[in-house]
Amino acid sequence: MDQDFLIRTAAFDWLSRTANPETGMIPWKELQQGFMFGDTRISLASMQGIFKPKVMQLPLSIRTSPEDPYGDGFEGKDVLLYKYFGTNPAHPANVGLREAMKRRLPLVYLKGISPGNYCAVWPVYIIGDDPANLLFRATADMQFSYQVEKEEDSNVITIRRGYAMAQVRVRLHAQSFRDLIMRAYNSSCSFCNLKHAELLDAAHIIPDSDALGVPEVTNGLALCKIHHAAFDKNILGVNPDYHIEVREDILEEVDGPMLQYGLKGMQGCELHLPKQHNQWPDREQLEKRFDEFIRKVG
Ligand SMILES: [Zn+2]
C-alpha cells in the first residue's frame with residue numbers, strides 16, 4: 001500500500017468521525033487543523049482551492065469558498081463543475097487534479113456555506129477535464145469504493161454516482177438557504193420568536209418544488225418546527241401585510257396550551273422580520289401563498 005492511499009483513507013475516516021453525520025458540516029478551523037498521521041499533521045484544506053498536503057503526491061481536497069455560495073455550478077443535477085486554479089491548465093494544481101482523474105483517486109469536496117463553515121462531501125471523483133472552459137467535472141459517490149470499483153459494472157457506478165451527486169446538490173442548497181435565513185432572522189421563529197436554532201427550520205414561502213420557489217431570503221421564513229408544519233399545512237397563514245391568520249375551524253377548537261397559545265394565540269400577530277428591509281419576505285410571494293391558504297380554508 002502506498003502512503004498516499006493510507007493518508008487518503010485516514011482522511012475519510014477522520015471526516016466520518018468529525019463532520020456532522022446528518023449535514024456533513026464541519027468548521028474551517030477543524031479542516032485546517034486536520035489530524036495526526038503517525039508524527040505528521042495532515043490538514044484537509046489550505047487557502048488554495050485544490051489542496052495537496054506536503055507529504056502527498058496528489059491532491060486530497062477541492063474547495064469552494066463561502067464568498068461564492070452558488071459558484072462551481074452544476075451541470076444537470078448530478079455533475080459538479082469545478083473551476084481550474086487560475087487560467088493555466090499546466091499549473092501544478094491542475095496537473096495534480098488531472099492525474100487524480102486518470103488514477104481515479106477519491107477526493108474530498110469542501111463547499112463553504114458561511115464564513116468558517118463548510119459542508120464536506122466525500123468521496124468525489126474527477127470524471128472530466130475541460131481545458132477549453134478551464135474546469136473539471138466531478139461527481140460524488142455514496143461509499144468509499146476505491147478498491148472495489150474495478151470489478152463493478154461502469155453503468156452501475158455512473159448511476160450510483162449521479163444519484164449521490166444529486167443528493168449532494170440538494171443538501172448544499174438546503175444548507176445555503178438555511179444559513180441565509182438563520183442569519184437574516186437572527187435564529188428566531190418569525191411567528192413566536194423562539195430562539196433555539198435546533199428547533200428552527202428555514203421554511204420556503206413558495207415551495208422549492210415550484211419554479212418560483214427560489215432559495216432566496218425573500219422567499220423564506222425562519223419558523224420553529226410546529227409553526228413550520230402549521231404553515232405548510234395551511235393551519236396558519238401569513239397575509240401580504242405580514243400578519244398571521246389562523247384557520248377558522250382551529251380558532252373555534254378548544255384544547256390544551258399548544259393549541260391555545262401555540263396556534264390560536266398567533267391570530268393577528270405581526271411577523272418578527274429581519275432588521276434589513278431588503279430581506280423581508282416578498283409581498284407577491286406572500287400573496288400567492290396566502291391565496292392558497294384562503295382557498296384551502298374556504
Ligand atoms: Zn414558532
# chains A, B, ... in the order shown; residues from 1 in each chain; ligands from 1
$ residues_near_ligand --ligand "ligand 1" --cutoff "7 Å" --atoms "only C-alpha atoms and all ligand atoms" --output "list in words"
Cys189, Ser190, Phe191, Cys192, Asn193, Leu194, Leu223, Cys224, Ile226 and His227 of chain A
$ select_by_dssp --residues "range 141-265 of chain A" --states "strand (DSSP E or B)" --output "list in words"
Leu200, Asp201, Ala202, Ala203, His204, Gly220, Leu221, Ala222, Leu223, Cys224, Leu236, Gly237, Val238, His243, Ile244, Glu245 and Val246 of chain A
$ residues_around --residues "Leu200 in chain A" --least-positions-apart "3" --cutoff "8 Å" --atoms "only C-alpha atoms" --output "list in words"
Ser187, Ser188, Cys189, Lys195, His196, Ala197, Ala222, Leu223, Cys224 and Lys225 of chain A
$ residues_around --residues "range 84-100 of chain A" --least-positions-apart "5" --cutoff "10 Å" --atoms "only C-alpha atoms" --output "number ranges by chain"
A: 48-52, 57-62, 105-107, 125-136
$ select_by_dssp --residues "range 63-255 of chain A" --states "helix (DSSP H, G or I)" --output "ChimeraX atom specification"
/A:92-102,131-133,148-151,154-184,197-199,217-219,225-232,248-252
$ residues_around --residues "Val108 in chain A" --least-positions-apart "4" --cutoff "6 Å" --atoms "only C-alpha atoms" --output "ChimeraX atom specification"
/A:61,121-124
$ residues_around --residues "Gly116 in chain A" --least-positions-apart "5" --cutoff "8 Å" --atoms "only C-alpha atoms" --output "list of chain:residue names"
A:Pro27, A:Trp28, A:Lys29
$ residues_around --residues "Arg247 in chain A" --least-positions-apart "4" --cutoff "9 Å" --atoms "only C-alpha atoms" --output "mmCIF file with all heavy atoms, in the first residue's frame"
data_model
loop_
_atom_site.group_PDB
_atom_site.id
_atom_site.type_symbol
_atom_site.label_atom_id
_atom_site.label_comp_id
_atom_site.auth_asym_id
_atom_site.auth_seq_id
_atom_site.Cartn_x
_atom_site.Cartn_y
_atom_site.Cartn_z
ATOM 1 N N ASN A 234 -51.302 24.788 6.020
ATOM 2 C CA ASN A 234 -52.314 25.846 5.937
ATOM 3 C C ASN A 234 -53.205 25.936 7.173
ATOM 4 O O ASN A 234 -54.382 26.263 7.089
ATOM 5 C CB ASN A 234 -53.166 25.681 4.671
ATOM 6 C CG ASN A 234 -52.351 25.979 3.426
ATOM 7 O OD1 ASN A 234 -51.679 27.011 3.351
ATOM 8 N ND2 ASN A 234 -52.378 25.072 2.466
ATOM 9 N N ILE A 235 -52.633 25.636 8.315
ATOM 10 C CA ILE A 235 -53.337 25.885 9.581
ATOM 11 C C ILE A 235 -53.089 27.345 9.957
ATOM 12 O O ILE A 235 -53.963 28.027 10.462
ATOM 13 C CB ILE A 235 -52.847 24.903 10.666
ATOM 14 C CG1 ILE A 235 -53.378 23.499 10.355
ATOM 15 C CG2 ILE A 235 -53.251 25.354 12.068
ATOM 16 C CD1 ILE A 235 -52.831 22.388 11.218
ATOM 17 N N LEU A 236 -51.881 27.801 9.683
ATOM 18 C CA LEU A 236 -51.552 29.217 9.848
ATOM 19 C C LEU A 236 -51.181 29.785 8.476
ATOM 20 O O LEU A 236 -50.552 29.097 7.668
ATOM 21 C CB LEU A 236 -50.350 29.396 10.788
ATOM 22 C CG LEU A 236 -50.488 28.881 12.224
ATOM 23 C CD1 LEU A 236 -49.195 29.123 12.995
ATOM 24 C CD2 LEU A 236 -51.652 29.542 12.950
ATOM 25 N N GLY A 237 -51.583 31.013 8.247
ATOM 26 C CA GLY A 237 -51.215 31.692 7.007
ATOM 27 C C GLY A 237 -50.614 33.049 7.329
ATOM 28 O O GLY A 237 -50.746 33.545 8.447
ATOM 29 N N LEU A 251 -59.652 28.162 15.273
ATOM 30 C CA LEU A 251 -59.992 29.217 16.237
ATOM 31 C C LEU A 251 -61.164 28.802 17.137
ATOM 32 O O LEU A 251 -61.266 29.226 18.288
ATOM 33 C CB LEU A 251 -60.346 30.521 15.507
ATOM 34 C CG LEU A 251 -59.160 31.310 14.947
ATOM 35 C CD1 LEU A 251 -59.654 32.488 14.115
ATOM 36 C CD2 LEU A 251 -58.230 31.804 16.061
ATOM 37 N N LYS A 264 -53.718 29.166 18.233
ATOM 38 C CA LYS A 264 -54.752 30.214 18.269
ATOM 39 C C LYS A 264 -54.172 31.578 18.672
ATOM 40 O O LYS A 264 -54.611 32.628 18.182
ATOM 41 C CB LYS A 264 -55.871 29.819 19.240
ATOM 42 C CG LYS A 264 -56.738 28.682 18.721
ATOM 43 C CD LYS A 264 -57.615 28.081 19.814
ATOM 44 C CE LYS A 264 -58.793 28.996 20.186
ATOM 45 N NZ LYS A 264 -59.687 28.314 21.174
ATOM 46 N N GLN A 267 -53.163 34.393 16.086
ATOM 47 C CA GLN A 267 -54.122 35.156 15.277
ATOM 48 C C GLN A 267 -53.839 36.668 15.339
ATOM 49 O O GLN A 267 -53.791 37.263 16.413
ATOM 50 C CB GLN A 267 -55.564 34.860 15.759
ATOM 51 C CG GLN A 267 -56.651 35.681 15.104
ATOM 52 C CD GLN A 267 -56.787 35.411 13.583
ATOM 53 O OE1 GLN A 267 -56.380 34.375 13.085
ATOM 54 N NE2 GLN A 267 -57.335 36.365 12.857
ATOM 55 N N PHE A 293 -53.789 29.540 1.007
ATOM 56 C CA PHE A 293 -54.294 29.381 2.375
ATOM 57 C C PHE A 293 -55.801 29.659 2.406
ATOM 58 O O PHE A 293 -56.591 28.879 2.926
ATOM 59 C CB PHE A 293 -53.539 30.334 3.304
ATOM 60 C CG PHE A 293 -54.104 30.445 4.698
ATOM 61 C CD1 PHE A 293 -53.884 29.439 5.639
ATOM 62 C CD2 PHE A 293 -54.829 31.560 5.087
ATOM 63 C CE1 PHE A 293 -54.386 29.538 6.925
ATOM 64 C CE2 PHE A 293 -55.327 31.681 6.380
ATOM 65 C CZ PHE A 293 -55.114 30.665 7.302
ATOM 66 N N ILE A 294 -56.219 30.767 1.797
ATOM 67 C CA ILE A 294 -57.633 31.146 1.758
ATOM 68 C C ILE A 294 -58.458 30.063 1.034
ATOM 69 O O ILE A 294 -59.523 29.680 1.491
ATOM 70 C CB ILE A 294 -57.815 32.510 1.032
ATOM 71 C CG1 ILE A 294 -57.085 33.623 1.789
ATOM 72 C CG2 ILE A 294 -59.277 32.856 0.819
ATOM 73 C CD1 ILE A 294 -57.732 34.052 3.064
ATOM 74 N N VAL A 297 -58.892 27.072 3.162
ATOM 75 C CA VAL A 297 -59.777 27.364 4.286
ATOM 76 C C VAL A 297 -61.225 27.404 3.792
ATOM 77 O O VAL A 297 -62.131 26.875 4.407
ATOM 78 C CB VAL A 297 -59.402 28.702 4.948
ATOM 79 C CG1 VAL A 297 -60.405 29.102 6.011
ATOM 80 C CG2 VAL A 297 -58.015 28.592 5.580
#
$ closest_residue --among "A:Gln279, A:Tyr82, A:Gly256, A:Glu245" --to "Phe231 in chain A" --atoms "only C-alpha atoms"
A:Glu245
$ atom_distance --atom1 "CA of Gln33 in chain A" --atom2 "CA of Asn186 in chain A"
29.1 Å
$ decode --residues "range 20-50 of chain A" --atoms "N, CA and C atoms" --output "PDB file, in the first residue's frame"
ATOM      1  N   ASN A  20     -20.483  16.665  10.900  1.00  0.00           N
ATOM      2  CA  ASN A  20     -21.833  16.359  11.365  1.00  0.00           C
ATOM      3  C   ASN A  20     -22.411  15.210  10.525  1.00  0.00           C
ATOM      4  N   PRO A  21     -22.856  14.117  11.181  1.00  0.00           N
ATOM      5  CA  PRO A  21     -23.262  12.946  10.407  1.00  0.00           C
ATOM      6  C   PRO A  21     -24.470  13.189   9.492  1.00  0.00           C
ATOM      7  N   GLU A  22     -25.315  14.161   9.833  1.00  0.00           N
ATOM      8  CA  GLU A  22     -26.501  14.389   9.004  1.00  0.00           C
ATOM      9  C   GLU A  22     -26.241  15.385   7.885  1.00  0.00           C
ATOM     10  N   THR A  23     -25.471  16.423   8.198  1.00  0.00           N
ATOM     11  CA  THR A  23     -25.346  17.521   7.235  1.00  0.00           C
ATOM     12  C   THR A  23     -23.978  17.584   6.560  1.00  0.00           C
ATOM     13  N   GLY A  24     -22.989  16.888   7.107  1.00  0.00           N
ATOM     14  CA  GLY A  24     -21.635  16.978   6.572  1.00  0.00           C
ATOM     15  C   GLY A  24     -20.933  18.270   6.954  1.00  0.00           C
ATOM     16  N   MET A  25     -21.561  19.077   7.822  1.00  0.00           N
ATOM     17  CA  MET A  25     -20.963  20.370   8.176  1.00  0.00           C
ATOM     18  C   MET A  25     -19.753  20.181   9.097  1.00  0.00           C
ATOM     19  N   ILE A  26     -18.755  21.029   8.854  1.00  0.00           N
ATOM     20  CA  ILE A  26     -17.519  20.954   9.646  1.00  0.00           C
ATOM     21  C   ILE A  26     -16.870  22.349   9.665  1.00  0.00           C
ATOM     22  N   PRO A  27     -16.399  22.793  10.841  1.00  0.00           N
ATOM     23  CA  PRO A  27     -15.786  24.130  10.891  1.00  0.00           C
ATOM     24  C   PRO A  27     -14.465  24.188  10.127  1.00  0.00           C
ATOM     25  N   TRP A  28     -14.200  25.323   9.539  1.00  0.00           N
ATOM     26  CA  TRP A  28     -12.960  25.564   8.788  1.00  0.00           C
ATOM     27  C   TRP A  28     -11.737  25.285   9.648  1.00  0.00           C
ATOM     28  N   LYS A  29     -11.792  25.700  10.912  1.00  0.00           N
ATOM     29  CA  LYS A  29     -10.667  25.502  11.825  1.00  0.00           C
ATOM     30  C   LYS A  29     -10.274  24.029  11.931  1.00  0.00           C
ATOM     31  N   GLU A  30     -11.297  23.183  12.037  1.00  0.00           N
ATOM     32  CA  GLU A  30     -11.039  21.739  12.153  1.00  0.00           C
ATOM     33  C   GLU A  30     -10.383  21.209  10.887  1.00  0.00           C
ATOM     34  N   LEU A  31     -10.836  21.719   9.741  1.00  0.00           N
ATOM     35  CA  LEU A  31     -10.281  21.258   8.461  1.00  0.00           C
ATOM     36  C   LEU A  31      -8.820  21.649   8.343  1.00  0.00           C
ATOM     37  N   GLN A  32      -8.508  22.861   8.796  1.00  0.00           N
ATOM     38  CA  GLN A  32      -7.131  23.331   8.730  1.00  0.00           C
ATOM     39  C   GLN A  32      -6.244  22.555   9.692  1.00  0.00           C
ATOM     40  N   GLN A  33      -6.792  22.311  10.884  1.00  0.00           N
ATOM     41  CA  GLN A  33      -6.023  21.585  11.894  1.00  0.00           C
ATOM     42  C   GLN A  33      -5.797  20.135  11.478  1.00  0.00           C
ATOM     43  N   GLY A  34      -6.855  19.502  10.957  1.00  0.00           N
ATOM     44  CA  GLY A  34      -6.732  18.142  10.457  1.00  0.00           C
ATOM     45  C   GLY A  34      -6.452  17.128  11.543  1.00  0.00           C
ATOM     46  N   PHE A  35      -5.649  16.133  11.198  1.00  0.00           N
ATOM     47  CA  PHE A  35      -5.443  15.009  12.117  1.00  0.00           C
ATOM     48  C   PHE A  35      -3.982  14.542  12.071  1.00  0.00           C
ATOM     49  N   MET A  36      -3.607  13.698  13.032  1.00  0.00           N
ATOM     50  CA  MET A  36      -2.238  13.180  13.060  1.00  0.00           C
ATOM     51  C   MET A  36      -2.176  11.865  12.295  1.00  0.00           C
ATOM     52  N   PHE A  37      -1.227  11.793  11.377  1.00  0.00           N
ATOM     53  CA  PHE A  37      -0.956  10.543  10.664  1.00  0.00           C
ATOM     54  C   PHE A  37       0.467  10.168  11.059  1.00  0.00           C
ATOM     55  N   GLY A  38       0.598   9.229  11.986  1.00  0.00           N
ATOM     56  CA  GLY A  38       1.917   8.984  12.577  1.00  0.00           C
ATOM     57  C   GLY A  38       2.365  10.254  13.278  1.00  0.00           C
ATOM     58  N   ASP A  39       3.532  10.777  12.902  1.00  0.00           N
ATOM     59  CA  ASP A  39       4.042  12.006  13.510  1.00  0.00           C
ATOM     60  C   ASP A  39       3.707  13.238  12.683  1.00  0.00           C
ATOM     61  N   THR A  40       2.981  13.035  11.597  1.00  0.00           N
ATOM     62  CA  THR A  40       2.732  14.143  10.675  1.00  0.00           C
ATOM     63  C   THR A  40       1.300  14.640  10.795  1.00  0.00           C
ATOM     64  N   ARG A  41       1.176  15.968  10.894  1.00  0.00           N
ATOM     65  CA  ARG A  41      -0.170  16.532  10.908  1.00  0.00           C
ATOM     66  C   ARG A  41      -0.655  16.719   9.472  1.00  0.00           C
ATOM     67  N   ILE A  42      -1.839  16.197   9.186  1.00  0.00           N
ATOM     68  CA  ILE A  42      -2.399  16.309   7.841  1.00  0.00           C
ATOM     69  C   ILE A  42      -3.599  17.250   7.883  1.00  0.00           C
ATOM     70  N   SER A  43      -3.474  18.382   7.184  1.00  0.00           N
ATOM     71  CA  SER A  43      -4.605  19.303   7.038  1.00  0.00           C
ATOM     72  C   SER A  43      -5.501  18.784   5.926  1.00  0.00           C
ATOM     73  N   LEU A  44      -6.763  19.180   5.980  1.00  0.00           N
ATOM     74  CA  LEU A  44      -7.688  18.793   4.913  1.00  0.00           C
ATOM     75  C   LEU A  44      -7.847  19.909   3.881  1.00  0.00           C
ATOM     76  N   ALA A  45      -7.361  21.112   4.234  1.00  0.00           N
ATOM     77  CA  ALA A  45      -7.550  22.237   3.333  1.00  0.00           C
ATOM     78  C   ALA A  45      -6.539  23.332   3.638  1.00  0.00           C
ATOM     79  N   SER A  46      -6.297  24.185   2.663  1.00  0.00           N
ATOM     80  CA  SER A  46      -5.489  25.381   2.872  1.00  0.00           C
ATOM     81  C   SER A  46      -6.165  26.497   2.097  1.00  0.00           C
ATOM     82  N   MET A  47      -5.508  27.625   1.975  1.00  0.00           N
ATOM     83  CA  MET A  47      -6.139  28.729   1.255  1.00  0.00           C
ATOM     84  C   MET A  47      -6.298  28.414  -0.234  1.00  0.00           C
ATOM     85  N   GLN A  48      -5.480  27.535  -0.738  1.00  0.00           N
ATOM     86  CA  GLN A  48      -5.589  27.188  -2.152  1.00  0.00           C
ATOM     87  C   GLN A  48      -6.745  26.206  -2.371  1.00  0.00           C
ATOM     88  N   GLY A  49      -7.527  26.434  -3.409  1.00  0.00           N
ATOM     89  CA  GLY A  49      -8.721  25.616  -3.659  1.00  0.00           C
ATOM     90  C   GLY A  49      -8.423  24.143  -3.871  1.00  0.00           C
ATOM     91  N   ILE A  50      -7.408  23.865  -4.690  1.00  0.00           N
ATOM     92  CA  ILE A  50      -7.007  22.475  -4.929  1.00  0.00           C
ATOM     93  C   ILE A  50      -5.869  22.190  -3.959  1.00  0.00           C
TER      94      ILE A  50
END
